[in-house]
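Input: a single structure, listed below in structure tokens.
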Amino acid sequence: MTGIYQIINIITSEIYVGKAINIQSRINRHKTLLKKNKHWNLHLQASWNKYGELNFEFNVINHCSELELDNFEKYYIAKLDSQRNGFNQTSGGDGLKNYKHNDITKKKISEASKKFKLSENHKQKLIAANTGRKKSKEELEKLSKAAKGRKISEWHKQQLINSTKGKPFSQDHKRKISEACKGRTISVQQRADISKTLKGNKNAQKLSKDQKNKIKQIFLDQPKININDIVIEYNVSPSTIYGLRKEALFNK
């Protein structure tokens, strides 16, 4: 049986992803070395020694051809984050630097990923591992490079608007927005773009008295808050928000 397998510590949710032409034989080899305290992966061995054999599971992730082993190993190591938050010491896929998958392999990887789901426990472990973590300069540069020239579709824009519509700002959120927007003003072009977007929008809601009071209070608490954020939040024209801002700051 050729394919990709995983060794998972069910206590810590750490994972080792491996590839093999004969998966069962390779798994047996792992178990033998771990039991003898002679495994080449010191991190995996230390975890085995600490938590014991009963807290480890060996599973087959995906069956594939021998020619596809490197591709799938690299894919699942990235998918499960098992190099940074697991037992893998490399990103896998030996000799695949700058290699591009062909269309057939891409399709197979896509189909395999649809069937594969992370457990809730593993998701929480990944979230906990990344909470509060600051990205390195190299990571930020890669993200910036990948985002250059990338455009958000109108459908995606609408999804982002809908996801925040009606959600009140928390005090912490207000504070962060205020700090980020200190000294920042909306240009004439930005105002024109926002006005154009909302002009004739039948879905633009009329503000209730309670909503108006909430917006005024936001300006009283954070005079320098970015008006654009409130425009999007309440789906109304900038002129409406500017009017409420004037009422809040000059009539207090």
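FYI, nothing fancy with the structure tokens labels: chains A, B, ... in order, residues from 1 per chain, ligands from 1 as they appear.
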
Query raised in the report: Could you name the residues that touch Asn55 in chain A at 12 Å or less, counting only C-alpha atoms, but leaving out those on the same chain fewer than 6 positions away, as a list in words?
Result: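 Close residues of Asn55 in chain A: Ile7, Ile8, Asn9, Ile10, Ile11, Thr12, Ser13, Glu14, Ser47, Trp48 and Asn49 of chain A.
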
**Report entry** Point-to-point distance from CA of Gly52 in chain A to CA of Leu34 in chain A, Å rounded to tenths
**Finding:**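 That distance, rounded to one decimal, is 10.0 Å.
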
Requested in this report: With a distance cut-off of 12 Å and only C-alpha atoms, select the neighbouring residues of Lys246 in chain A, excluding the residue or stretch itself and same-chain residues fewer than 2 positions from it, and output the selection as a ChimeraX atom specification.
Outcome: /A:215-217,219-220,223,227,239-244,248-252

Report task. Pick out the closest residue to Asn85 in chain A from this set: A:His63, A:Val17, A:Phe72, A:Trp40. Count only C-alpha atoms. Result -> A:Val17

Query - All strand (DSSP E) positions in range 1-97 of chain A, as a PyMOL selection string - result: chain A and resi 3-9+15-20+56-63

Query raised in the report: Quick one: residues within 8 Å of Phe58 in chain A, only C-alpha atoms counted, chain neighbours fewer than 2 positions away excluded, as a PyMOL selection string?
Result: chain A and resi 5-8+27+56+60
